[in-house]
Amino acid sequence: MRDFILLLTFAATMSAAPVVDKVEPPCWWMSHSINPVRLLIHGAGLSGASVKASTKGIEVGDPRSNAAGTYLFVDVTIKRPGTQQLKLSTADGSATASFEALPPIAREGRFKGFSQDDLIYQIMPDRFANGDPSNDDPEVSKGLFDRTKPRAYHGGDLQGVIDHVPYLKDLGVTAIWLNPIYDNSNHQSDKEKSQGFTDYHGYGPVDFYAVDEHFGDLAKMKDLVETAHHAGIKVILDMIANHTGPHHPWVEAPPTPTWFHGTPAKHIAESWQAWTLINPHATPLLQASTLNGWFGNVLPDLNQDDPEVARYIIQNTLWWIGSTGVDGIREDTVPYVPRRFWHDWTAAIKKEFPDFRVVGEVADINPAVVSFFQGGLQQNDRVDTGIDTVFDFPSYAAIRRTFAEGKSVRDLAATLAHDYLYPNPNDLVTFLGLHDVARFMNEQGATLDGLKLAFTYLMTSRGIPMIYYGDEIAMTGGNDPDNRRDFPGGWKEDARNAFTTGRTPDEQHVFDHVRKLAQLRRDYPVMRHGEMKQLGVSDEVYIYTRGDMIILLNNGAKPVRIVAPAASGTWRDLLEVLGYIPVRDDTLNVTLPARSAAIMVRYSP
Ligand SMILES: [Ca+2]
Ligand SMILES: [Ca+2]
Ligand SMILES: [Ca+2]
């Protein structure tokens, strides 16, 4: 046996003819702002290889291999579209690899960005709808698919999203954010195997140039974007630049020695110390556990200070945008990446796709931390990230305290006092739930009336509102993964279908309210663009305006008399709680029922 192993080793050393198994990116466009594009070719025996193209449609630069001969970096300039066979030759032999030179990117109706005119809907593809049962369990023996286990794959996919575009359109959604669709590992985590611990959520990529086979493929993703665009719905893709999944092949054999911060055996443990990132007195040493640590102490941390890593990520982002036609990106774990990288990354995106927009995840409830990462301003490090907007976690926390727990509404009003910190507070993406927090309805004290008030606030206050799938039907669920239950009716074997006629009365009640708010937001531009001004606030009552619209919220358990300045004439409550109200002496004087809201506009018959 020992001799046999020696023989194999010997054979491996001798048979050094080059082998190629992957070219990244697999294609690129003519007339692109990145031209030449840098290819990362993976294989074996690539040391000292020369690279020749099969036609004059592309020009090939001087290749460089890593020490192990497993990766080759080579620049290609695209002159004409067409399929290329790249021939890689060494003294020991040659190999070929395909690369597609594409015509210039088609732009019509694509890369549109998102704005205050939009209503975003977040979908976790594995948990929304199963449109293609044939992809549920690609590797049956591994047992990754099991709807009874909260951390296993449940079978939801891109076809399921396509199938429910009419539902989203009817609800009034104008943009969808999909959690990551990259190919994730087909390993189950060794710990907690009984729970079916998989990467169904998409945040552990093992291939940055492929769609996970549980969700579909690149062609299916293009279908999804086209179908959504046809319905007037934009698409926001979730992307990750901070880390890879623990099973990415780079972890065992990185393309450069500095590809990652550390190795599985020796790396910095991640510890979230956001204050070090915004603090002018903090040293790089103090920031290292947040910036360079392995997220959750599990996910290998990419080193964006290695220029090859930075270039790889930038090209990868532009490849996904160009290949799919998406309109925006939701970028994961923004604070854990050097801000200088974000500056370069957003500049590269905007150069090619000027209307494109990025929303960054800064999961912190301190506005001083969150605002630091919104682009449009150089902060104390002289860096402008260029990231268009960020999620409004501080408001989210206040919305929960106010409308779920029933605490004083002053807290919510006071949160907006920090808006002066943001380069652009009106573009913040606001929400009352998302995939990383327990559902609104699971908060202590949460009621349907509270949820409706929270939605009214969300859709009438400043920002770009976002709905987490299922909150529009008051879905319940505790912390991750319980907050990611399957949408009822997304699977044909489900007992009822809440996408159509199978809603319970409570679900229908909230759904109708959210749909109504979405319609109002569509029909009344001031709800999207009107300046937000606070007129009055007490423990129970919040009165504010959007342009010439007045919003009244009563978060208290009793009816309350509200007096507010308003032009004389007839006013009307768009939510139909108060009906038509005559206003005299420029004073609105109404009684608002317990835990309800009114959206007042001037009525002109
Ligand atoms: Ca499926
Ligand atoms: Ca996979
Ligand atoms: Ca990092």
# chains A, B, ... in the order shown; residues from 1 in each chain; ligands from 1
>>> residues_around(residues="Val225 (chain A)", least_positions_apart="3", cutoff="9 Å", atoms="only C-alpha atoms", output="list of chain:residue names")
A:Arg110, A:Ile162, A:Lys220, A:Met221, A:Lys222, A:Ala228, A:His229, A:His230, A:Ile233, A:Lys234, A:Val235, A:Thr324, A:Gly325, A:Val326
>>> write_last_selection(atoms="C-alpha atoms", output="PDB file, in the first residue's frame")
ATOM      1  CA  ARG A 110     -32.002  47.358 -16.875  1.00  0.00           C
ATOM      2  CA  ILE A 162     -41.166  34.096 -10.856  1.00  0.00           C
ATOM      3  CA  LYS A 220     -33.339  31.141 -14.492  1.00  0.00           C
ATOM      4  CA  MET A 221     -32.063  34.239 -12.712  1.00  0.00           C
ATOM      5  CA  LYS A 222     -32.112  36.164 -16.006  1.00  0.00           C
ATOM      6  CA  ALA A 228     -39.981  41.200 -12.757  1.00  0.00           C
ATOM      7  CA  HIS A 229     -38.976  44.058 -15.075  1.00  0.00           C
ATOM      8  CA  HIS A 230     -41.892  43.264 -17.349  1.00  0.00           C
ATOM      9  CA  ILE A 233     -40.625  45.425 -10.469  1.00  0.00           C
ATOM     10  CA  LYS A 234     -36.909  46.000  -9.944  1.00  0.00           C
ATOM     11  CA  VAL A 235     -34.503  43.404  -8.582  1.00  0.00           C
ATOM     12  CA  THR A 324     -28.481  39.497 -14.894  1.00  0.00           C
ATOM     13  CA  GLY A 325     -29.659  43.093 -15.469  1.00  0.00           C
ATOM     14  CA  VAL A 326     -30.431  43.693 -11.779  1.00  0.00           C
TER      15      VAL A 326
END
>>> residues_around(residues="region 525-532 of chain A", least_positions_apart="6", cutoff="9 Å", atoms="only C-alpha atoms", output="PDB file with N, CA, C and O atoms, in the first residue's frame")
ATOM      1  N   GLN A 116     -36.751  56.570  -3.439  1.00  0.00           N
ATOM      2  CA  GLN A 116     -37.896  56.772  -2.549  1.00  0.00           C
ATOM      3  C   GLN A 116     -39.217  56.432  -3.232  1.00  0.00           C
ATOM      4  O   GLN A 116     -40.232  56.292  -2.558  1.00  0.00           O
ATOM      5  N   ASP A 117     -39.198  56.278  -4.549  1.00  0.00           N
ATOM      6  CA  ASP A 117     -40.415  55.888  -5.255  1.00  0.00           C
ATOM      7  C   ASP A 117     -40.711  54.396  -5.106  1.00  0.00           C
ATOM      8  O   ASP A 117     -41.766  53.930  -5.536  1.00  0.00           O
ATOM      9  N   ASP A 118     -39.767  53.662  -4.531  1.00  0.00           N
ATOM     10  CA  ASP A 118     -39.922  52.210  -4.493  1.00  0.00           C
ATOM     11  C   ASP A 118     -40.428  51.687  -3.152  1.00  0.00           C
ATOM     12  O   ASP A 118     -40.286  52.332  -2.112  1.00  0.00           O
ATOM     13  N   ASN A 426     -33.193  60.741   3.745  1.00  0.00           N
ATOM     14  CA  ASN A 426     -34.413  60.409   3.008  1.00  0.00           C
ATOM     15  C   ASN A 426     -34.287  59.149   2.159  1.00  0.00           C
ATOM     16  O   ASN A 426     -35.292  58.601   1.713  1.00  0.00           O
ATOM     17  N   MET A 459     -44.713  53.324   5.935  1.00  0.00           N
ATOM     18  CA  MET A 459     -45.069  53.765   4.580  1.00  0.00           C
ATOM     19  C   MET A 459     -45.333  55.261   4.498  1.00  0.00           C
ATOM     20  O   MET A 459     -45.522  55.787   3.384  1.00  0.00           O
ATOM     21  N   THR A 460     -45.404  55.952   5.643  1.00  0.00           N
ATOM     22  CA  THR A 460     -45.666  57.397   5.585  1.00  0.00           C
ATOM     23  C   THR A 460     -44.481  58.220   6.080  1.00  0.00           C
ATOM     24  O   THR A 460     -44.506  59.445   5.962  1.00  0.00           O
ATOM     25  N   SER A 461     -43.464  57.570   6.636  1.00  0.00           N
ATOM     26  CA  SER A 461     -42.321  58.333   7.138  1.00  0.00           C
ATOM     27  C   SER A 461     -41.232  58.391   6.073  1.00  0.00           C
ATOM     28  O   SER A 461     -41.331  57.727   5.045  1.00  0.00           O
ATOM     29  N   ARG A 462     -40.210  59.157   6.333  1.00  0.00           N
ATOM     30  CA  ARG A 462     -39.149  59.327   5.340  1.00  0.00           C
ATOM     31  C   ARG A 462     -38.411  58.002   5.112  1.00  0.00           C
ATOM     32  O   ARG A 462     -38.353  57.146   5.978  1.00  0.00           O
ATOM     33  N   GLY A 463     -37.809  57.872   3.919  1.00  0.00           N
ATOM     34  CA  GLY A 463     -37.050  56.662   3.623  1.00  0.00           C
ATOM     35  C   GLY A 463     -37.663  55.839   2.511  1.00  0.00           C
ATOM     36  O   GLY A 463     -38.667  56.211   1.903  1.00  0.00           O
ATOM     37  N   ILE A 464     -37.012  54.698   2.249  1.00  0.00           N
ATOM     38  CA  ILE A 464     -37.473  53.741   1.241  1.00  0.00           C
ATOM     39  C   ILE A 464     -37.936  52.507   2.012  1.00  0.00           C
ATOM     40  O   ILE A 464     -37.125  51.783   2.562  1.00  0.00           O
ATOM     41  N   TYR A 544     -47.275  64.198  12.263  1.00  0.00           N
ATOM     42  CA  TYR A 544     -46.232  64.723  11.370  1.00  0.00           C
ATOM     43  C   TYR A 544     -46.814  64.915   9.979  1.00  0.00           C
ATOM     44  O   TYR A 544     -47.902  64.409   9.665  1.00  0.00           O
ATOM     45  N   THR A 545     -46.107  65.669   9.172  1.00  0.00           N
ATOM     46  CA  THR A 545     -46.569  65.932   7.812  1.00  0.00           C
ATOM     47  C   THR A 545     -45.581  65.368   6.806  1.00  0.00           C
ATOM     48  O   THR A 545     -44.392  65.190   7.093  1.00  0.00           O
ATOM     49  N   ARG A 546     -46.103  65.046   5.636  1.00  0.00           N
ATOM     50  CA  ARG A 546     -45.281  64.811   4.438  1.00  0.00           C
ATOM     51  C   ARG A 546     -45.829  65.787   3.414  1.00  0.00           C
ATOM     52  O   ARG A 546     -46.939  65.572   2.908  1.00  0.00           O
ATOM     53  N   GLY A 547     -45.110  66.866   3.144  1.00  0.00           N
ATOM     54  CA  GLY A 547     -45.658  67.893   2.275  1.00  0.00           C
ATOM     55  C   GLY A 547     -46.966  68.396   2.861  1.00  0.00           C
ATOM     56  O   GLY A 547     -47.037  68.747   4.043  1.00  0.00           O
ATOM     57  N   ASP A 548     -48.061  68.388   2.054  1.00  0.00           N
ATOM     58  CA  ASP A 548     -49.343  68.904   2.548  1.00  0.00           C
ATOM     59  C   ASP A 548     -50.221  67.779   3.117  1.00  0.00           C
ATOM     60  O   ASP A 548     -51.424  67.945   3.294  1.00  0.00           O
ATOM     61  N   MET A 549     -49.642  66.643   3.410  1.00  0.00           N
ATOM     62  CA  MET A 549     -50.369  65.513   4.012  1.00  0.00           C
ATOM     63  C   MET A 549     -50.062  65.493   5.511  1.00  0.00           C
ATOM     64  O   MET A 549     -48.921  65.732   5.915  1.00  0.00           O
TER      65      MET A 549
END
>>> atom_distance(atom1="CA of Phe440 (chain A)", atom2="CA of Pro367 (chain A)")
21.2 Å
>>> residues_around(residues="Leu553 (chain A)", least_positions_apart="6", cutoff="7 Å", atoms="only C-alpha atoms", output="list in words")
Val541, Tyr542, Ile543, Ser596, Ala597 and Ala598 of chain A
>>> write_last_selection(atoms="C-alpha atoms", output="PDB file, in the first residue's frame")
ATOM      1  CA  VAL A 541     -49.652  60.519  19.866  1.00  0.00           C
ATOM      2  CA  TYR A 542     -47.389  61.344  16.948  1.00  0.00           C
ATOM      3  CA  ILE A 543     -48.422  64.001  14.410  1.00  0.00           C
ATOM      4  CA  SER A 596     -55.144  53.665  15.066  1.00  0.00           C
ATOM      5  CA  ALA A 597     -53.905  56.115  12.478  1.00  0.00           C
ATOM      6  CA  ALA A 598     -55.252  58.607   9.981  1.00  0.00           C
TER       7      ALA A 598
END
>>> closest_residue(among="A:Arg127, A:Arg340, A:His435, A:His513", to="ligand 1", atoms="only C-alpha atoms and all ligand atoms")
A:Arg127
>>> residues_near_ligand(ligand="ligand 1", cutoff="10 Å", atoms="only C-alpha atoms and all ligand atoms", output="ChimeraX atom specification")
/A:125-127,129-138,145,153-160,213-216,491
>>> atom_distance(atom1="CA of Trp28 (chain A)", atom2="CA of Pro103 (chain A)")
8.5 Å
>>> residues_near_ligand(ligand="ligand 3", cutoff="6 Å", atoms="only C-alpha atoms and all ligand atoms", output="ChimeraX atom specification")
/A:242,291-292,301,336-337
>>> residues_around(residues="region 244-249 of chain A", least_positions_apart="2", cutoff="8 Å", atoms="only C-alpha atoms", output="ChimeraX atom specification")
/A:184-185,187,203-207,240,242,251-254,298-302
>>> write_last_selection(atoms="all heavy atoms", output="CSV table (one decimal), in the first residue's frame")
chain,number,residue,atom,x,y,z
A,184,ASN,N,-23.7,27.8,-2.8
A,184,ASN,CA,-23.3,27.6,-1.4
A,184,ASN,C,-22.9,26.1,-1.3
A,184,ASN,O,-23.2,25.3,-2.1
A,184,ASN,CB,-24.3,27.9,-0.4
A,184,ASN,CG,-24.2,29.4,0.0
A,184,ASN,OD1,-24.1,29.7,1.2
A,184,ASN,ND2,-24.3,30.3,-0.9
A,185,SER,N,-22.2,25.8,-0.1
A,185,SER,CA,-21.6,24.5,0.1
A,185,SER,C,-22.7,23.4,0.2
A,185,SER,O,-23.8,23.7,0.7
A,185,SER,CB,-20.7,24.5,1.3
A,185,SER,OG,-21.2,23.6,2.2
A,187,HIS,N,-22.1,20.8,2.0
A,187,HIS,CA,-21.7,20.2,3.3
A,187,HIS,C,-22.8,20.5,4.3
A,187,HIS,O,-23.3,21.6,4.3
A,187,HIS,CB,-20.4,20.6,3.8
A,187,HIS,CG,-19.2,20.3,2.9
A,187,HIS,ND1,-19.0,20.9,1.7
A,187,HIS,CD2,-18.2,19.5,3.1
A,187,HIS,CE1,-17.9,20.5,1.2
A,187,HIS,NE2,-17.4,19.6,2.0
A,203,TYR,N,-25.4,32.7,2.6
A,203,TYR,CA,-24.3,33.5,3.0
A,203,TYR,C,-23.0,32.8,3.1
A,203,TYR,O,-22.1,33.4,3.8
A,203,TYR,CB,-24.7,34.3,4.3
A,203,TYR,CG,-25.8,35.3,4.0
A,203,TYR,CD1,-27.1,35.1,4.3
A,203,TYR,CD2,-25.4,36.6,3.5
A,203,TYR,CE1,-28.1,36.1,4.1
A,203,TYR,CE2,-26.4,37.5,3.2
A,203,TYR,CZ,-27.7,37.3,3.5
A,203,TYR,OH,-28.6,38.3,3.2
A,204,GLY,N,-22.9,31.6,2.6
A,204,GLY,CA,-21.6,30.9,2.7
A,204,GLY,C,-21.1,30.5,1.3
A,204,GLY,O,-21.0,29.3,1.0
A,205,PRO,N,-20.8,31.4,0.4
A,205,PRO,CA,-20.5,31.1,-1.0
A,205,PRO,C,-19.3,30.2,-1.2
A,205,PRO,O,-18.3,30.3,-0.5
A,205,PRO,CB,-20.2,32.4,-1.7
A,205,PRO,CG,-20.3,33.5,-0.7
A,205,PRO,CD,-20.7,32.9,0.6
A,206,VAL,N,-19.4,29.2,-2.1
A,206,VAL,CA,-18.3,28.4,-2.5
A,206,VAL,C,-17.9,28.6,-3.9
A,206,VAL,O,-16.9,28.1,-4.4
A,206,VAL,CB,-18.5,26.9,-2.2
A,206,VAL,CG1,-18.6,26.6,-0.7
A,206,VAL,CG2,-19.7,26.4,-3.0
A,207,ASP,N,-18.8,29.4,-4.6
A,207,ASP,CA,-18.5,29.7,-6.0
A,207,ASP,C,-19.2,31.0,-6.3
A,207,ASP,O,-20.4,31.1,-6.3
A,207,ASP,CB,-19.0,28.6,-7.0
A,207,ASP,CG,-18.6,28.9,-8.4
A,207,ASP,OD1,-18.3,30.0,-8.8
A,207,ASP,OD2,-18.7,27.9,-9.2
A,240,ILE,N,-21.8,39.6,-1.3
A,240,ILE,CA,-20.9,39.5,-0.2
A,240,ILE,C,-19.5,39.8,-0.7
A,240,ILE,O,-19.0,39.2,-1.6
A,240,ILE,CB,-20.9,38.1,0.4
A,240,ILE,CG1,-22.4,37.7,0.8
A,240,ILE,CG2,-20.0,38.0,1.7
A,240,ILE,CD1,-22.6,36.3,1.1
A,242,ASN,N,-17.0,40.5,2.0
A,242,ASN,CA,-16.2,40.4,3.2
A,242,ASN,C,-15.6,39.0,3.4
A,242,ASN,O,-14.5,38.9,3.9
A,242,ASN,CB,-17.1,40.7,4.5
A,242,ASN,CG,-16.3,40.6,5.7
A,242,ASN,OD1,-15.3,41.3,5.9
A,242,ASN,ND2,-16.6,39.7,6.6
A,251,VAL,N,-10.0,28.3,0.5
A,251,VAL,CA,-9.6,28.3,1.9
A,251,VAL,C,-8.4,27.3,2.1
A,251,VAL,O,-7.5,27.6,2.8
A,251,VAL,CB,-10.8,27.9,2.8
A,251,VAL,CG1,-10.4,27.8,4.3
A,251,VAL,CG2,-11.9,28.8,2.6
A,252,GLU,N,-8.5,26.2,1.3
A,252,GLU,CA,-7.4,25.2,1.4
A,252,GLU,C,-6.2,25.7,0.5
A,252,GLU,O,-5.1,25.4,0.9
A,252,GLU,CB,-7.9,23.8,0.8
A,252,GLU,CG,-8.9,23.1,1.8
A,252,GLU,CD,-8.3,22.9,3.2
A,252,GLU,OE1,-7.1,22.4,3.2
A,252,GLU,OE2,-9.0,23.2,4.1
A,253,ALA,N,-6.5,26.3,-0.6
A,253,ALA,CA,-5.4,26.7,-1.5
A,253,ALA,C,-5.7,28.1,-2.1
A,253,ALA,O,-6.3,28.2,-3.2
A,253,ALA,CB,-5.3,25.7,-2.7
A,254,PRO,N,-5.3,29.1,-1.4
A,254,PRO,CA,-5.7,30.5,-1.9
A,254,PRO,C,-4.8,30.9,-3.1
A,254,PRO,O,-3.7,30.4,-3.3
A,254,PRO,CB,-5.3,31.4,-0.7
A,254,PRO,CG,-4.4,30.6,0.1
A,254,PRO,CD,-4.7,29.1,-0.1
A,298,VAL,N,-16.1,31.8,11.9
A,298,VAL,CA,-16.3,30.7,11.0
A,298,VAL,C,-16.0,31.1,9.6
A,298,VAL,O,-15.4,30.3,8.8
A,298,VAL,CB,-17.8,30.2,11.0
A,298,VAL,CG1,-18.0,29.1,10.0
A,298,VAL,CG2,-18.2,29.7,12.4
A,299,LEU,N,-16.4,32.3,9.1
A,299,LEU,CA,-16.3,32.6,7.7
A,299,LEU,C,-15.0,33.3,7.4
A,299,LEU,O,-14.6,34.3,7.9
A,299,LEU,CB,-17.5,33.5,7.3
A,299,LEU,CG,-18.9,32.9,7.6
A,299,LEU,CD1,-20.0,33.9,7.3
A,299,LEU,CD2,-19.1,31.6,6.8
A,300,PRO,N,-14.2,32.6,6.4
A,300,PRO,CA,-12.9,33.1,6.1
A,300,PRO,C,-12.9,34.6,5.6
A,300,PRO,O,-13.7,34.9,4.7
A,300,PRO,CB,-12.4,32.1,5.0
A,300,PRO,CG,-13.2,30.9,5.3
A,300,PRO,CD,-14.5,31.4,5.8
A,301,ASP,N,-12.1,35.4,6.2
A,301,ASP,CA,-12.1,36.8,5.9
A,301,ASP,C,-11.2,37.2,4.7
A,301,ASP,O,-10.0,37.1,4.8
A,301,ASP,CB,-11.7,37.6,7.1
A,301,ASP,CG,-12.1,39.1,7.0
A,301,ASP,OD1,-13.3,39.3,7.0
A,301,ASP,OD2,-11.2,39.9,6.9
A,302,LEU,N,-11.9,37.7,3.6
A,302,LEU,CA,-11.1,38.1,2.4
A,302,LEU,C,-10.3,39.4,2.7
A,302,LEU,O,-10.8,40.3,3.5
A,302,LEU,CB,-12.1,38.4,1.3
A,302,LEU,CG,-12.7,37.1,0.7
A,302,LEU,CD1,-13.9,37.4,-0.2
A,302,LEU,CD2,-11.6,36.3,-0.2
>>> atom_distance(atom1="CA of Leu46 (chain A)", atom2="CA of Thr96 (chain A)")
11.8 Å
>>> select_by_dssp(residues="region 100-345 of chain A", states="alpha helix (DSSP H)", output="VMD selection string")
chain A and resid 125 to 128 158 to 163 165 to 171 218 to 230 249 to 252 274 to 278 284 to 291 307 to 324 339 to 345
>>> residues_around(residues="region 420-424 of chain A", least_positions_apart="5", cutoff="9 Å", atoms="only C-alpha atoms", output="list in words")
Pro367, Ala368, Val370, Ser371, Phe372, Phe373, Gln374, Gly375, Gly376, Leu377, Asp388 and Thr389 of chain A
>>> write_last_selection(atoms="all heavy atoms", output="tab-separated table (two decimals), in the first residue's frame")
chain	number	residue	atom	x	y	z
A	367	PRO	N	-27.20	55.35	15.50
A	367	PRO	CA	-27.14	56.13	14.25
A	367	PRO	C	-25.75	56.69	13.94
A	367	PRO	O	-25.42	56.90	12.78
A	367	PRO	CB	-28.14	57.28	14.48
A	367	PRO	CG	-28.82	57.01	15.77
A	367	PRO	CD	-28.13	55.90	16.49
A	368	ALA	N	-24.94	56.89	14.97
A	368	ALA	CA	-23.58	57.40	14.72
A	368	ALA	C	-22.75	56.36	13.97
A	368	ALA	O	-21.89	56.72	13.16
A	368	ALA	CB	-22.91	57.76	16.04
A	370	VAL	N	-24.19	53.77	12.01
A	370	VAL	CA	-24.83	53.49	10.72
A	370	VAL	C	-24.55	54.60	9.71
A	370	VAL	O	-24.17	54.36	8.57
A	370	VAL	CB	-26.35	53.28	10.91
A	370	VAL	CG1	-27.03	53.04	9.58
A	370	VAL	CG2	-26.61	52.11	11.86
A	371	SER	N	-24.71	55.85	10.17
A	371	SER	CA	-24.57	56.99	9.25
A	371	SER	C	-23.14	57.11	8.71
A	371	SER	O	-22.94	57.61	7.60
A	371	SER	CB	-24.95	58.29	9.96
A	371	SER	OG	-24.10	58.50	11.07
A	372	PHE	N	-22.17	56.64	9.48
A	372	PHE	CA	-20.76	56.74	9.09
A	372	PHE	C	-20.49	56.05	7.75
A	372	PHE	O	-19.56	56.40	7.04
A	372	PHE	CB	-19.92	56.10	10.20
A	372	PHE	CG	-18.44	56.33	10.10
A	372	PHE	CD1	-17.89	57.56	10.41
A	372	PHE	CD2	-17.59	55.29	9.72
A	372	PHE	CE1	-16.52	57.77	10.34
A	372	PHE	CE2	-16.21	55.49	9.66
A	372	PHE	CZ	-15.68	56.73	9.96
A	373	PHE	N	-21.33	55.06	7.42
A	373	PHE	CA	-21.06	54.26	6.22
A	373	PHE	C	-21.86	54.69	5.00
A	373	PHE	O	-21.63	54.19	3.91
A	373	PHE	CB	-21.29	52.78	6.53
A	373	PHE	CG	-20.27	52.25	7.50
A	373	PHE	CD1	-20.50	52.27	8.87
A	373	PHE	CD2	-19.06	51.78	7.04
A	373	PHE	CE1	-19.54	51.82	9.76
A	373	PHE	CE2	-18.09	51.33	7.91
A	373	PHE	CZ	-18.34	51.35	9.28
A	374	GLN	N	-22.83	55.59	5.18
A	374	GLN	CA	-23.56	56.07	4.00
A	374	GLN	C	-22.66	56.99	3.20
A	374	GLN	O	-21.99	57.87	3.76
A	374	GLN	CB	-24.86	56.79	4.39
A	374	GLN	CG	-25.73	57.09	3.16
A	374	GLN	CD	-27.00	57.86	3.49
A	374	GLN	OE1	-27.04	58.63	4.44
A	374	GLN	NE2	-28.04	57.65	2.69
A	375	GLY	N	-22.66	56.81	1.89
A	375	GLY	CA	-21.80	57.62	1.03
A	375	GLY	C	-22.32	59.04	0.87
A	375	GLY	O	-23.42	59.37	1.32
A	376	GLY	N	-21.52	59.87	0.21
A	376	GLY	CA	-21.91	61.24	-0.04
A	376	GLY	C	-21.13	62.23	0.80
A	376	GLY	O	-21.29	63.44	0.65
A	377	LEU	N	-20.29	61.71	1.67
A	377	LEU	CA	-19.55	62.57	2.60
A	377	LEU	C	-18.26	61.86	2.99
A	377	LEU	O	-18.28	60.66	3.25
A	377	LEU	CB	-20.42	62.78	3.84
A	377	LEU	CG	-20.04	63.86	4.84
A	377	LEU	CD1	-20.20	65.24	4.21
A	377	LEU	CD2	-20.94	63.75	6.08
A	388	ASP	N	-24.73	54.17	-1.59
A	388	ASP	CA	-25.84	55.12	-1.70
A	388	ASP	C	-26.63	55.24	-0.41
A	388	ASP	O	-27.02	56.32	0.00
A	388	ASP	CB	-26.78	54.71	-2.83
A	388	ASP	CG	-26.06	54.67	-4.15
A	388	ASP	OD1	-25.77	55.76	-4.67
A	388	ASP	OD2	-25.74	53.57	-4.62
A	389	THR	N	-26.93	54.09	0.18
A	389	THR	CA	-27.75	54.13	1.37
A	389	THR	C	-27.50	52.91	2.25
A	389	THR	O	-26.78	52.00	1.85
A	389	THR	CB	-29.24	54.28	1.00
A	389	THR	OG1	-29.98	54.53	2.19
A	389	THR	CG2	-29.78	53.05	0.31
>>> closest_residue(among="A:Lys22, A:His243, A:His201, A:Arg382", to="ligand 2", atoms="only C-alpha atoms and all ligand atoms")
A:His201
